[in-house]
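Structure file structure_14.tsv (TSV, C-alpha atoms (C1' of nucleotides)) follows.
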chain	number	residue	atom	x	y	z
P	297	MET	CA	0.00	0.00	0.00
P	298	SER	CA	1.52	3.32	-1.04
P	299	LEU	CA	-0.09	5.19	1.84
P	300	THR	CA	2.57	3.59	4.04
P	301	GLN	CA	5.35	4.89	1.77
P	302	ALA	CA	3.79	8.31	1.51
P	303	LEU	CA	3.68	8.68	5.30
P	304	LEU	CA	7.19	7.27	5.63
P	305	GLY	CA	8.46	9.79	3.09
P	306	LEU	CA	6.78	12.77	4.70
P	307	LEU	CA	7.99	11.79	8.15
P	308	ALA	CA	11.51	11.22	6.84
P	309	VAL	CA	11.66	14.86	5.75
P	310	GLU	CA	10.36	16.07	9.10
P	311	PRO	CA	8.55	14.50	12.10
P	312	ALA	CA	4.84	15.32	12.17
P	313	SER	CA	1.48	14.44	13.69
P	314	GLY	CA	-1.38	12.69	11.92
P	315	TYR	CA	-3.05	16.07	11.71
P	316	ASP	CA	-0.07	17.64	9.92
P	317	LEU	CA	0.21	14.71	7.52
P	318	THR	CA	-3.48	14.93	6.67
P	319	LYS	CA	-3.08	18.58	5.73
P	320	GLU	CA	-0.18	17.60	3.47
P	321	PHE	CA	-2.51	15.24	1.60
P	322	GLU	CA	-5.08	18.00	1.23
P	323	ARG	CA	-2.52	20.30	-0.34
P	324	ASP	CA	0.22	19.46	-2.83
P	325	LEU	CA	0.39	15.72	-2.42
P	326	GLY	CA	-3.33	15.19	-2.92
P	327	ARG	CA	-3.35	17.46	-5.94
P	328	TYR	CA	-0.78	15.57	-8.00
P	329	ALA	CA	0.31	12.37	-6.33
P	330	TRP	CA	-1.75	10.73	-3.62
P	331	GLN	CA	-4.90	11.41	-1.64
P	332	ALA	CA	-5.79	10.26	1.87
P	333	GLY	CA	-8.16	11.49	4.55
P	334	HIS	CA	-7.49	11.65	8.26
P	335	THR	CA	-9.57	8.50	8.77
P	336	SER	CA	-6.96	6.55	6.79
P	337	VAL	CA	-3.95	8.35	8.20
P	338	TYR	CA	-4.53	7.84	11.93
P	339	PRO	CA	-5.12	4.06	11.87
P	340	GLU	CA	-2.24	3.62	9.41
P	341	LEU	CA	0.16	5.43	11.73
P	342	VAL	CA	-0.85	3.07	14.54
P	343	ARG	CA	-0.27	0.02	12.31
P	344	MET	CA	3.10	1.40	11.19
P	345	ALA	CA	4.13	2.00	14.79
P	346	GLU	CA	3.21	-1.63	15.58
P	347	ARG	CA	5.43	-2.75	12.70
P	348	GLY	CA	8.26	-0.60	14.04
P	349	LEU	CA	8.47	1.73	11.03
P	350	VAL	CA	7.62	4.86	12.99
P	351	GLU	CA	7.44	5.89	16.64
P	352	VAL	CA	5.88	8.59	18.76
P	353	THR	CA	8.68	10.95	19.73
P	354	GLN	CA	6.70	13.79	21.23
P	355	GLU	CA	3.34	14.44	22.83
P	356	GLY	CA	1.76	17.87	22.80
P	357	PRO	CA	-1.45	19.64	23.76
P	358	ARG	CA	-4.85	18.23	22.70
P	359	GLY	CA	-3.45	14.70	22.57
P	360	ARG	CA	-1.13	15.61	19.74
P	361	ARG	CA	1.37	12.87	18.96
P	362	THR	CA	4.38	13.63	16.81
P	363	TYR	CA	5.70	10.63	14.87
P	364	SER	CA	9.23	10.09	13.57
P	365	VAL	CA	10.63	7.44	11.25
P	366	THR	CA	12.72	4.69	12.84
P	367	ALA	CA	15.90	3.34	11.24
P	368	GLU	CA	13.84	0.38	10.02
P	369	GLY	CA	11.27	2.68	8.46
P	370	ARG	CA	13.95	4.72	6.75
P	371	GLU	CA	15.42	1.55	5.28
P	372	GLU	CA	12.02	0.40	3.97
P	373	LEU	CA	11.47	3.80	2.38
P	374	ARG	CA	14.90	3.77	0.79
P	375	LYS	CA	14.26	0.33	-0.73
P	376	TRP	CA	10.97	1.52	-2.21
P	377	LEU	CA	12.45	4.73	-3.62
P	378	LEU	CA	15.43	3.01	-5.24
P	379	ALA	CA	13.53	0.01	-6.63
P	380	PRO	CA	13.26	-0.25	-10.44
P	381	TRP	CA	10.44	1.72	-12.04
P	382	GLY	CA	7.41	-0.13	-13.25
P	383	GLN	CA	3.76	0.59	-13.91
P	384	GLY	CA	2.42	1.84	-10.58
P	385	VAL	CA	-1.08	2.61	-9.47
P	386	VAL	CA	-2.64	5.30	-11.67
P	387	ARG	CA	-5.98	6.90	-11.13
P	388	ASN	CA	-6.76	10.32	-12.49
P	389	GLU	CA	-10.33	11.39	-12.99
P	390	GLN	CA	-9.41	14.47	-15.02
P	391	VAL	CA	-7.32	12.54	-17.51
P	392	LEU	CA	-10.09	9.95	-17.78
P	393	ARG	CA	-12.52	12.70	-18.67
P	394	MET	CA	-10.11	14.17	-21.21
P	395	PHE	CA	-9.84	10.85	-23.02
P	396	LEU	CA	-13.56	10.14	-22.98
P	397	LEU	CA	-14.48	13.48	-24.57
P	398	GLU	CA	-14.00	11.38	-27.70
P	399	ALA	CA	-17.45	9.92	-27.01
P	400	LEU	CA	-19.18	13.33	-27.41
P	401	GLU	CA	-20.44	14.84	-30.64
P	402	PRO	CA	-17.58	16.82	-32.30
P	403	GLU	CA	-19.26	20.15	-31.52
P	404	GLU	CA	-19.56	19.44	-27.83
P	405	ALA	CA	-16.14	17.81	-27.68
P	406	ALA	CA	-14.59	20.99	-29.08
P	407	THR	CA	-16.36	23.12	-26.47
P	408	ALA	CA	-15.20	20.82	-23.70
P	409	LEU	CA	-11.63	20.82	-25.03
P	410	ARG	CA	-11.58	24.61	-25.03
P	411	GLY	CA	-12.68	24.31	-21.40
P	412	VAL	CA	-9.68	22.06	-20.72
P	413	VAL	CA	-7.34	24.63	-22.29
P	414	GLU	CA	-8.75	27.36	-20.09
P	415	TYR	CA	-8.61	25.22	-16.96
P	416	ALA	CA	-4.98	24.28	-17.62
P	417	GLU	CA	-4.02	27.88	-18.29
P	418	ARG	CA	-5.65	29.04	-15.06
P	419	GLY	CA	-3.80	26.33	-13.16
P	420	ALA	CA	-0.45	27.15	-14.75
P	421	ASN	CA	-0.86	30.87	-14.13
P	422	ALA	CA	-1.67	30.35	-10.48
P	423	LEU	CA	1.48	28.26	-10.06
P	424	ARG	CA	3.62	30.78	-11.90
P	425	ALA	CA	2.36	33.50	-9.54
P	426	HIS	CA	3.16	31.21	-6.62
P	427	ARG	CA	6.67	30.71	-8.01
P	428	GLU	CA	7.37	34.41	-8.23
P	429	HIS	CA	6.16	34.90	-4.69
P	430	ARG	CA	8.53	32.14	-3.61
P	431	GLU	CA	11.49	33.99	-5.06
P	432	VAL	CA	10.90	36.64	-2.43
P	433	GLU	CA	10.45	34.17	0.43
P	434	PRO	CA	12.45	30.94	-0.13
P	435	PRO	CA	10.78	27.82	1.36
P	436	GLU	CA	12.21	25.69	4.14
P	437	GLY	CA	11.59	22.29	5.74
P	438	ARG	CA	8.47	20.54	4.50
P	439	ASP	CA	7.68	23.44	2.16
P	440	VAL	CA	10.36	22.12	-0.15
P	441	LEU	CA	7.97	19.32	-1.05
P	442	GLY	CA	5.40	21.96	-1.91
P	443	GLN	CA	7.92	23.50	-4.28
P	444	LEU	CA	8.64	20.16	-5.96
P	445	ALA	CA	4.90	19.68	-6.37
P	446	ALA	CA	4.35	23.19	-7.72
P	447	GLU	CA	7.08	22.82	-10.32
P	448	TYR	CA	5.68	19.47	-11.36
P	449	GLY	CA	2.13	20.82	-11.43
P	450	LEU	CA	3.18	23.70	-13.66
P	451	ARG	CA	4.67	21.34	-16.24
P	452	GLN	CA	1.64	19.10	-15.88
P	453	PHE	CA	-0.75	21.93	-16.68
P	454	GLN	CA	1.36	22.95	-19.66
P	455	ALA	CA	1.27	19.36	-20.95
P	456	MET	CA	-2.50	19.29	-20.47
P	457	ARG	CA	-2.93	22.54	-22.37
P	458	ASP	CA	-0.69	21.39	-25.23
P	459	TRP	CA	-2.56	18.12	-25.45
P	460	ALA	CA	-5.96	19.82	-25.54
P	461	LEU	CA	-4.80	22.16	-28.30
P	462	TRP	CA	-3.48	19.20	-30.27
P	463	ALA	CA	-6.77	17.33	-29.72
P	464	LEU	CA	-8.77	20.35	-30.96
P	465	ASP	CA	-6.64	20.53	-34.06
P	466	HIS	CA	-6.95	16.79	-34.58
P	467	LEU	CA	-10.74	17.02	-34.22
P	468	ASN	CA	-10.93	19.74	-36.86
P	469	GLN	CA	-8.82	17.68	-39.25
P	470	ARG	CA	-11.17	14.74	-38.89
P	471	ARG	CA	-14.24	16.90	-39.44
P	472	LYS	CA	-12.87	17.98	-42.79
P	473	ASP	CA	-12.54	14.38	-44.06
G	157	MET	CA	-17.65	5.82	-9.00
G	158	SER	CA	-15.61	6.67	-12.10
G	159	LEU	CA	-15.46	3.05	-13.24
G	160	THR	CA	-19.08	3.50	-14.34
G	161	GLN	CA	-18.17	6.57	-16.41
G	162	ALA	CA	-15.11	4.91	-17.88
G	163	LEU	CA	-17.16	1.94	-19.09
G	164	LEU	CA	-19.91	4.23	-20.35
G	165	GLY	CA	-17.35	6.26	-22.30
G	166	LEU	CA	-15.67	3.26	-23.85
G	167	LEU	CA	-18.98	1.71	-24.84
G	168	ALA	CA	-20.18	5.02	-26.28
G	169	VAL	CA	-17.30	4.98	-28.74
G	170	GLU	CA	-17.97	1.38	-29.72
G	171	PRO	CA	-19.95	-1.56	-28.25
G	172	ALA	CA	-17.72	-4.12	-26.55
G	173	SER	CA	-17.62	-7.11	-24.22
G	174	GLY	CA	-16.30	-7.14	-20.67
G	175	TYR	CA	-13.26	-8.88	-22.03
G	176	ASP	CA	-12.57	-6.12	-24.55
G	177	LEU	CA	-13.07	-3.43	-21.94
G	178	THR	CA	-10.67	-5.14	-19.56
G	179	LYS	CA	-7.98	-5.12	-22.22
G	180	GLU	CA	-8.57	-1.40	-22.71
G	181	PHE	CA	-7.82	-0.85	-19.01
G	182	GLU	CA	-4.64	-2.88	-19.33
G	183	ARG	CA	-3.44	-0.72	-22.20
G	184	ASP	CA	-3.75	3.03	-22.63
G	185	LEU	CA	-6.43	3.79	-20.10
G	186	GLY	CA	-4.69	1.98	-17.26
G	187	ARG	CA	-1.40	3.64	-18.13
G	188	TYR	CA	-2.55	7.24	-17.78
G	189	ALA	CA	-6.10	7.51	-16.55
G	190	TRP	CA	-7.81	4.64	-14.75
G	191	GLN	CA	-7.12	1.05	-13.83
G	192	ALA	CA	-9.58	-1.82	-13.39
G	193	GLY	CA	-9.33	-5.58	-13.55
G	194	HIS	CA	-11.84	-7.97	-15.06
G	195	THR	CA	-13.17	-8.82	-11.61
G	196	SER	CA	-14.39	-5.23	-11.28
G	197	VAL	CA	-15.56	-4.86	-14.86
G	198	TYR	CA	-17.91	-7.84	-15.12
G	199	PRO	CA	-19.97	-7.20	-11.98
G	200	GLU	CA	-20.10	-3.48	-12.79
G	201	LEU	CA	-21.52	-4.15	-16.25
G	202	VAL	CA	-24.25	-6.28	-14.66
G	203	ARG	CA	-25.10	-3.46	-12.20
G	204	MET	CA	-25.11	-0.91	-15.01
G	205	ALA	CA	-27.43	-3.08	-17.09
G	206	GLU	CA	-29.78	-3.30	-14.07
G	207	ARG	CA	-29.76	0.49	-13.86
G	208	GLY	CA	-30.56	0.69	-17.57
G	209	LEU	CA	-27.33	2.46	-18.57
G	210	VAL	CA	-26.15	-0.33	-20.88
G	211	GLU	CA	-27.67	-3.41	-22.50
G	212	VAL	CA	-26.51	-6.64	-24.09
G	213	THR	CA	-26.94	-6.20	-27.83
G	214	GLN	CA	-25.12	-9.27	-29.07
G	215	GLU	CA	-24.12	-12.71	-27.88
G	216	GLY	CA	-21.18	-14.51	-29.39
G	217	PRO	CA	-19.15	-17.68	-28.94
G	218	ARG	CA	-17.78	-18.64	-25.50
G	219	GLY	CA	-20.59	-16.82	-23.76
G	220	ARG	CA	-19.37	-13.49	-25.09
G	221	ARG	CA	-21.82	-10.69	-24.45
G	222	THR	CA	-21.43	-7.41	-26.28
G	223	TYR	CA	-22.76	-4.40	-24.40
G	224	SER	CA	-23.98	-1.10	-25.87
G	225	VAL	CA	-24.87	2.17	-24.17
G	226	THR	CA	-28.57	2.99	-23.89
G	227	ALA	CA	-29.94	6.49	-24.47
G	228	GLU	CA	-30.10	6.90	-20.69
G	229	GLY	CA	-26.48	5.84	-20.33
G	230	ARG	CA	-25.39	8.26	-23.02
G	231	GLU	CA	-27.17	11.08	-21.23
G	232	GLU	CA	-25.51	10.24	-17.91
G	233	LEU	CA	-22.11	10.19	-19.62
G	234	ARG	CA	-22.78	13.51	-21.30
G	235	LYS	CA	-23.72	15.11	-17.99
G	236	TRP	CA	-20.51	13.87	-16.39
G	237	LEU	CA	-18.31	15.01	-19.28
G	238	LEU	CA	-19.80	18.49	-19.44
G	239	ALA	CA	-19.91	19.13	-15.68
G	240	PRO	CA	-17.59	21.85	-14.33
G	241	TRP	CA	-14.04	20.77	-13.57
G	242	GLY	CA	-13.00	20.28	-9.99
G	243	GLN	CA	-10.39	18.35	-8.07
G	244	GLY	CA	-11.03	14.73	-9.04
G	245	VAL	CA	-9.55	11.53	-7.69
G	246	VAL	CA	-5.77	11.52	-8.13
G	247	ARG	CA	-3.51	8.64	-7.38
G	248	ASN	CA	-0.17	8.22	-9.07
G	249	GLU	CA	2.50	6.07	-7.53
G	250	GLN	CA	5.24	7.33	-9.83
G	251	VAL	CA	4.61	10.97	-9.03
G	252	LEU	CA	4.49	10.11	-5.34
G	253	ARG	CA	7.90	8.51	-5.65
G	254	MET	CA	9.26	11.50	-7.53
G	255	PHE	CA	8.20	13.86	-4.76
G	256	LEU	CA	9.50	11.68	-1.94
G	257	LEU	CA	13.00	11.39	-3.42
G	258	GLU	CA	13.41	14.54	-1.31
G	259	ALA	CA	13.72	12.22	1.69
G	260	LEU	CA	16.89	10.55	0.37
G	261	GLU	CA	20.44	11.74	0.90
G	262	PRO	CA	21.36	14.27	-1.85
G	263	GLU	CA	23.74	11.79	-3.51
G	264	GLU	CA	21.14	9.07	-3.80
G	265	ALA	CA	18.41	11.53	-4.74
G	266	ALA	CA	20.53	12.73	-7.65
G	267	THR	CA	21.09	9.16	-8.86
G	268	ALA	CA	17.38	8.44	-8.62
G	269	LEU	CA	16.49	11.66	-10.47
G	270	ARG	CA	18.84	10.72	-13.29
G	271	GLY	CA	16.93	7.42	-13.37
G	272	VAL	CA	13.68	9.38	-13.74
G	273	VAL	CA	15.13	11.35	-16.66
G	274	GLU	CA	16.15	8.13	-18.40
G	275	TYR	CA	12.80	6.47	-17.74
G	276	ALA	CA	10.89	9.47	-19.10
G	277	GLU	CA	13.10	9.64	-22.19
G	278	ARG	CA	12.61	5.94	-22.90
G	279	GLY	CA	8.84	6.38	-22.55
G	280	ALA	CA	8.74	9.43	-24.80
G	281	ASN	CA	10.89	7.76	-27.45
G	282	ALA	CA	8.67	4.69	-27.53
G	283	LEU	CA	5.61	6.89	-28.06
G	284	ARG	CA	7.32	8.93	-30.76
G	285	ALA	CA	8.16	5.70	-32.62
G	286	HIS	CA	4.54	4.64	-32.20
G	287	ARG	CA	3.42	7.98	-33.63
G	288	GLU	CA	5.56	7.64	-36.74
G	289	HIS	CA	4.25	4.15	-37.31
G	290	ARG	CA	0.72	5.52	-37.04
G	291	GLU	CA	1.37	8.00	-39.84
G	292	VAL	CA	1.67	5.02	-42.15
G	293	GLU	CA	-1.40	3.24	-40.80
G	294	PRO	CA	-4.03	5.70	-39.48
G	295	PRO	CA	-6.10	4.33	-36.56
G	296	GLU	CA	-9.83	3.69	-36.62
G	297	GLY	CA	-12.63	2.96	-34.15
G	298	ARG	CA	-11.48	2.45	-30.57
G	299	ASP	CA	-7.84	2.94	-31.60
G	300	VAL	CA	-8.54	6.67	-31.69
G	301	LEU	CA	-8.60	6.57	-27.88
G	302	GLY	CA	-5.20	4.93	-28.00
G	303	GLN	CA	-3.97	7.86	-30.06
G	304	LEU	CA	-5.36	10.40	-27.60
G	305	ALA	CA	-3.62	8.49	-24.82
G	306	ALA	CA	-0.35	8.25	-26.72
G	307	GLU	CA	-0.26	11.98	-27.44
G	308	TYR	CA	-1.05	12.73	-23.80
G	309	GLY	CA	1.53	10.21	-22.61
G	310	LEU	CA	4.20	11.79	-24.78
G	311	ARG	CA	3.61	15.23	-23.28
G	312	GLN	CA	3.44	13.66	-19.84
G	313	PHE	CA	6.84	12.02	-20.24
G	314	GLN	CA	8.32	15.28	-21.50
G	315	ALA	CA	6.93	17.09	-18.44
G	316	MET	CA	8.37	14.40	-16.18
G	317	ARG	CA	11.79	14.70	-17.82
G	318	ASP	CA	11.78	18.50	-17.58
G	319	TRP	CA	10.77	18.34	-13.96
G	320	ALA	CA	13.49	15.83	-13.08
G	321	LEU	CA	16.13	18.00	-14.79
G	322	TRP	CA	14.87	21.03	-12.88
G	323	ALA	CA	14.93	19.06	-9.61
G	324	LEU	CA	18.52	17.93	-10.28
G	325	ASP	CA	19.57	21.51	-10.88
G	326	HIS	CA	17.70	22.66	-7.79
G	327	LEU	CA	19.41	19.96	-5.72
G	328	ASN	CA	22.85	21.08	-6.89
G	329	GLN	CA	22.03	24.69	-6.05
G	330	ARG	CA	21.06	23.70	-2.51
G	331	ARG	CA	24.22	21.63	-2.07
G	332	LYS	CA	26.32	24.69	-2.79
G	333	ASP	CA	24.68	26.71	-0.02
W	75	DC	C1'	-4.10	-32.79	-29.86
W	76	DA	C1'	-1.82	-29.48	-27.24
W	77	DC	C1'	-1.42	-24.79	-26.41
W	78	DT	C1'	-2.89	-20.18	-26.34
W	79	DA	C1'	-6.16	-16.80	-26.16
W	80	DC	C1'	-10.87	-15.94	-25.37
W	81	DA	C1'	-14.45	-15.26	-21.99
W	82	DT	C1'	-16.84	-15.07	-17.66
W	83	DG	C1'	-17.53	-15.44	-13.01
W	84	DT	C1'	-17.44	-15.84	-7.24
W	85	DA	C1'	-15.65	-15.03	-2.57
W	86	DA	C1'	-12.57	-13.46	0.79
W	87	DA	C1'	-9.46	-10.07	2.10
W	88	DC	C1'	-8.04	-5.68	1.95
W	89	DT	C1'	-8.33	-0.61	1.36
W	90	DG	C1'	-10.61	3.67	1.33
W	91	DT	C1'	-14.55	6.91	2.11
W	92	DT	C1'	-18.48	8.85	4.56
W	93	DA	C1'	-20.85	9.72	8.51
W	94	DC	C1'	-20.68	10.09	13.22
W	95	DA	C1'	-18.38	11.51	17.56
W	96	DT	C1'	-15.66	13.93	21.02
W	97	DG	C1'	-12.98	17.16	23.25
W	98	DA	C1'	-9.01	20.86	23.87
W	99	DT	C1'	-6.81	25.25	22.84
W	100	DT	C1'	-6.52	29.73	20.99
W	101	DC	C1'	-7.99	34.13	19.57
W	102	DA	C1'	-11.00	37.99	19.02
E	65	DT	C1'	-17.70	33.35	25.63
E	66	DG	C1'	-18.31	32.01	21.03
E	67	DA	C1'	-16.12	30.54	16.92
E	68	DA	C1'	-12.43	28.59	14.52
E	69	DT	C1'	-8.95	25.47	14.44
E	70	DC	C1'	-6.49	21.80	16.37
E	71	DA	C1'	-6.48	16.91	17.21
E	72	DT	C1'	-7.94	12.22	17.34
E	73	DG	C1'	-10.79	8.47	16.75
E	74	DT	C1'	-14.71	4.47	15.42
E	75	DA	C1'	-18.04	2.07	12.48
E	76	DA	C1'	-20.58	1.18	8.50
E	77	DC	C1'	-20.32	1.10	3.86
E	78	DA	C1'	-18.29	1.20	-0.77
E	79	DG	C1'	-14.90	-0.18	-3.80
E	80	DT	C1'	-10.74	-2.88	-5.29
E	81	DT	C1'	-7.58	-6.68	-5.48
E	82	DT	C1'	-6.18	-11.43	-5.04
E	83	DA	C1'	-7.03	-16.03	-5.27
E	84	DC	C1'	-9.78	-19.45	-6.93
E	85	DA	C1'	-12.63	-21.52	-10.64
E	86	DT	C1'	-14.40	-23.02	-15.09
E	87	DG	C1'	-15.04	-23.79	-19.76
E	88	DT	C1'	-14.76	-22.66	-25.16
E	89	DA	C1'	-12.76	-21.65	-29.72
E	90	DG	C1'	-9.07	-21.26	-32.73
E	91	DT	C1'	-4.30	-22.37	-34.41
E	92	DG	C1'	-0.18	-24.89	-35.53
What's the structure tokens form of this structure?
Amino acid sequence: MSLTQALLGLLAVEPASGYDLTKEFERDLGRYAWQAGHTSVYPELVRMAERGLVEVTQEGPRGRRTYSVTAEGREELRKWLLAPWGQGVVRNEQVLRMFLLEALEPEEAATALRGVVEYAERGANALRAHREHREVEPPEGRDVLGQLAAEYGLRQFQAMRDWALWALDHLNQRRKD
Amino acid sequence: MSLTQALLGLLAVEPASGYDLTKEFERDLGRYAWQAGHTSVYPELVRMAERGLVEVTQEGPRGRRTYSVTAEGREELRKWLLAPWGQGVVRNEQVLRMFLLEALEPEEAATALRGVVEYAERGANALRAHREHREVEPPEGRDVLGQLAAEYGLRQFQAMRDWALWALDHLNQRRKD
DNA sequence: CACTACATGTAAACTGTTACATGATTCA
DNA sequence: TGAATCATGTAACAGTTTACATGTAGTG
């Protein structure tokens, strides 16, 4: 289960509580890589602690428990990160929708594709603004992951926009035949 | 559940059996958009038929049943495709791994990132070869979806490569500080 | 006739989501 | 002191994967 690896990776960068980790999934990670709610995170942390991959290293107010990765956990993470690349789990509702626009009538498909272009441009612009703001205030600690995600997201949106423009062109070509 | 929409979309392009649909998930769709095994597909088709979204329009050898979308199913698909875009389900093990490389020691992270660059280049090259081959033999029917996927995949791999090169550069910058 | 690909299914185990539930701290 | 945020959890349900199971048609 990749949730284990995701938590291991986040905790390896910096110790955190289940609450912190959940917020991470709501932000960058959940946008481009992996989603998980707090109802998955908390029980998983308990299971991982039982397996010796993480441990509670601090307790704070409101029952807050800060987890850290153990040496064993770090080794497991390392193995996963350095393993050969194969076809992993992929599930992307937006991409699914993009592909299935094919099933619409050409007129409607074109309208929808123009919507994709707009959506991708909005996304890219927001990230470019975010990038400029970051040049003023450089990130630190866990925010570095946010930067990795933002840079990936920017390229992702550009790819989406390019694809939609190509698909529009392709659609027009076919309508002429 | 997006499996319903995925099946609806595939069947809207062309009627197919559960077996055919499963193969589609193993190929292009499962690579970039959505994965599903035959043990999900068959029961789902039965449920969808009960709801009146699809119907068996042909029976062939070996118990083969070809499903087609009903008018009701087509309408449901259309609604889903034309709905406003929001944050859909996202789950991508490769992207998760890319982001978490941050947790490795800089040396190892750099090695892994160079691996990402290579992987993305291999993927892009394979798709470019596929594209040239397609110029000789233009696709038809369901293969059009394969073409949409291939063009998306190509841009995806390019984005991945660009990101990994940026991340390598970024890593070197931080090592100097 | 053997092998491969076609073709469909069930059941148990596992994973993830939604709804429900509770209480503490901080800040205006 | 009221509201927002912090912080954690359980239980029922929904969805997915893995293992098991079976049989047919075509091809060399």
Segment 246-274 of chain G residues near segment 322-325 of chain G within 12 Å, closest pair each, using all atoms listed in the file, as a tab-separated table:
residue	atom	partner	partner_atom	distance
G:Met254	CA	G:Ala323	CA	9.7
G:Phe255	CA	G:Ala323	CA	9.8
G:Leu256	CA	G:Ala323	CA	11.9
G:Leu257	CA	G:Ala323	CA	10.0
G:Glu258	CA	G:Ala323	CA	9.6
G:Pro262	CA	G:Leu324	CA	9.6
G:Glu263	CA	G:Leu324	CA	10.5
G:Glu264	CA	G:Leu324	CA	11.3
G:Ala265	CA	G:Leu324	CA	8.5
G:Ala266	CA	G:Leu324	CA	6.2
G:Thr267	CA	G:Leu324	CA	9.2
G:Ala268	CA	G:Leu324	CA	9.7
G:Leu269	CA	G:Leu324	CA	6.6
G:Arg270	CA	G:Leu324	CA	7.8
G:Gly271	CA	G:Leu324	CA	11.1
G:Val272	CA	G:Leu324	CA	10.4
G:Val273	CA	G:Leu324	CA	9.8
Write the residues of the selection above to a file with C-alpha atoms, as a PDB file, in the frame of the given file.
ATOM      1  CA  MET G 254       9.260  11.500  -7.530  1.00  0.00           C
ATOM      2  CA  PHE G 255       8.200  13.860  -4.760  1.00  0.00           C
ATOM      3  CA  LEU G 256       9.500  11.680  -1.940  1.00  0.00           C
ATOM      4  CA  LEU G 257      13.000  11.390  -3.420  1.00  0.00           C
ATOM      5  CA  GLU G 258      13.410  14.540  -1.310  1.00  0.00           C
ATOM      6  CA  PRO G 262      21.360  14.270  -1.850  1.00  0.00           C
ATOM      7  CA  GLU G 263      23.740  11.790  -3.510  1.00  0.00           C
ATOM      8  CA  GLU G 264      21.140   9.070  -3.800  1.00  0.00           C
ATOM      9  CA  ALA G 265      18.410  11.530  -4.740  1.00  0.00           C
ATOM     10  CA  ALA G 266      20.530  12.730  -7.650  1.00  0.00           C
ATOM     11  CA  THR G 267      21.090   9.160  -8.860  1.00  0.00           C
ATOM     12  CA  ALA G 268      17.380   8.440  -8.620  1.00  0.00           C
ATOM     13  CA  LEU G 269      16.490  11.660 -10.470  1.00  0.00           C
ATOM     14  CA  ARG G 270      18.840  10.720 -13.290  1.00  0.00           C
ATOM     15  CA  GLY G 271      16.930   7.420 -13.370  1.00  0.00           C
ATOM     16  CA  VAL G 272      13.680   9.380 -13.740  1.00  0.00           C
ATOM     17  CA  VAL G 273      15.130  11.350 -16.660  1.00  0.00           C
TER      18      VAL G 273
END
Within 10 Å of chain G, which residues of chain W are there when counting only C-alpha atoms (C1' of nucleotides)? Please give them as an MDAnalysis selection string.
chainID W and resid 80:84
List every residue of chain P that has an atom at most 8 Å from any atom of chain G, giving for each one its closest atom pair and the distance in Å to one decimal, counting all atoms listed in the file, sorted by chain and then by ascending residue number, as CSV.
residue,atom,partner,partner_atom,distance
P:Ser298,CA,G:Glu249,CA,7.1
P:Ala302,CA,G:Leu252,CA,7.1
P:Gly305,CA,G:Leu256,CA,5.5
P:Leu306,CA,G:Leu256,CA,7.3
P:Ala308,CA,G:Ala259,CA,5.7
P:Val309,CA,G:Ala259,CA,5.3
P:Leu325,CA,G:Leu252,CA,7.5
P:Gly326,CA,G:Val246,CA,6.8
P:Arg327,CA,G:Val246,CA,6.8
P:Tyr328,CA,G:Val246,CA,6.4
P:Ala329,CA,G:Leu252,CA,4.9
P:Trp330,CA,G:Arg247,CA,4.6
P:Gln331,CA,G:Arg247,CA,6.5
P:Arg374,CA,G:Leu260,CA,7.1
P:Leu377,CA,G:Arg253,CA,6.3
P:Leu378,CA,G:Ala268,CA,6.7
P:Trp381,CA,G:Tyr275,CA,7.8
P:Gln383,CA,G:Arg187,CA,7.3
P:Gly384,CA,G:Glu249,CA,5.2
P:Val385,CA,G:Glu249,CA,5.3
P:Val386,CA,G:Asn248,CA,4.6
P:Arg387,CA,G:Trp190,CA,4.6
P:Asn388,CA,G:Val246,CA,4.6
P:Glu389,CA,G:Gly244,CA,5.2
P:Gln390,CA,G:Gly244,CA,6.2
P:Val391,CA,G:Ala189,CA,5.3
P:Leu392,CA,G:Ala189,CA,4.8
P:Arg393,CA,G:Leu237,CA,6.3
P:Phe395,CA,G:Leu304,CA,6.4
P:Leu396,CA,G:Gly165,CA,5.5
P:Leu397,CA,G:Leu237,CA,6.7
P:Glu398,CA,G:Leu301,CA,7.2
P:Ala399,CA,G:Val169,CA,5.2
P:Leu400,CA,G:Arg234,CA,7.1
P:Ala408,CA,G:Leu238,CA,6.7
P:Tyr415,CA,G:Trp241,CA,7.8
P:Leu441,CA,G:Phe255,CA,6.6
P:Leu444,CA,G:Phe255,CA,6.4
P:Ala445,CA,G:Phe255,CA,6.9
P:Glu447,CA,G:Trp319,CA,6.9
P:Tyr448,CA,G:Trp319,CA,5.8
P:Arg451,CA,G:Ala315,CA,5.3
P:Gln452,CA,G:Ala315,CA,6.2
P:Ala455,CA,G:Arg311,CA,5.3
P:Met456,CA,G:Tyr308,CA,7.5
P:Asp458,CA,G:Arg311,CA,7.8
P:Trp459,CA,G:Tyr308,CA,5.8
P:Ala463,CA,G:Leu304,CA,7.4
Go ahead and compute the interatomic distance for atom CA of Glu232 of chain G and atom CA of Met157 of chain G, in Å to one decimal.
12.7 Å
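Nearest residue to DT72 of chain E among W:DA98, W:DA87, W:DC75, W:DA93 is W:DA98, counting all atoms listed in the file.
Distance check against chain E using all atoms listed in the file: of G:Lys235, G:Glu180, G:Leu327, G:Gly193, the minimum falls on G:Gly193.
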From atom CA of Glu433 of chain P to atom CA of Asp333 of chain G the spacing works out at 16.1 Å
May I ask for the distance between atom CA of Glu340 of chain P and atom CA of Thr300 of chain P, given in Å to one decimal place?
7.2 Å
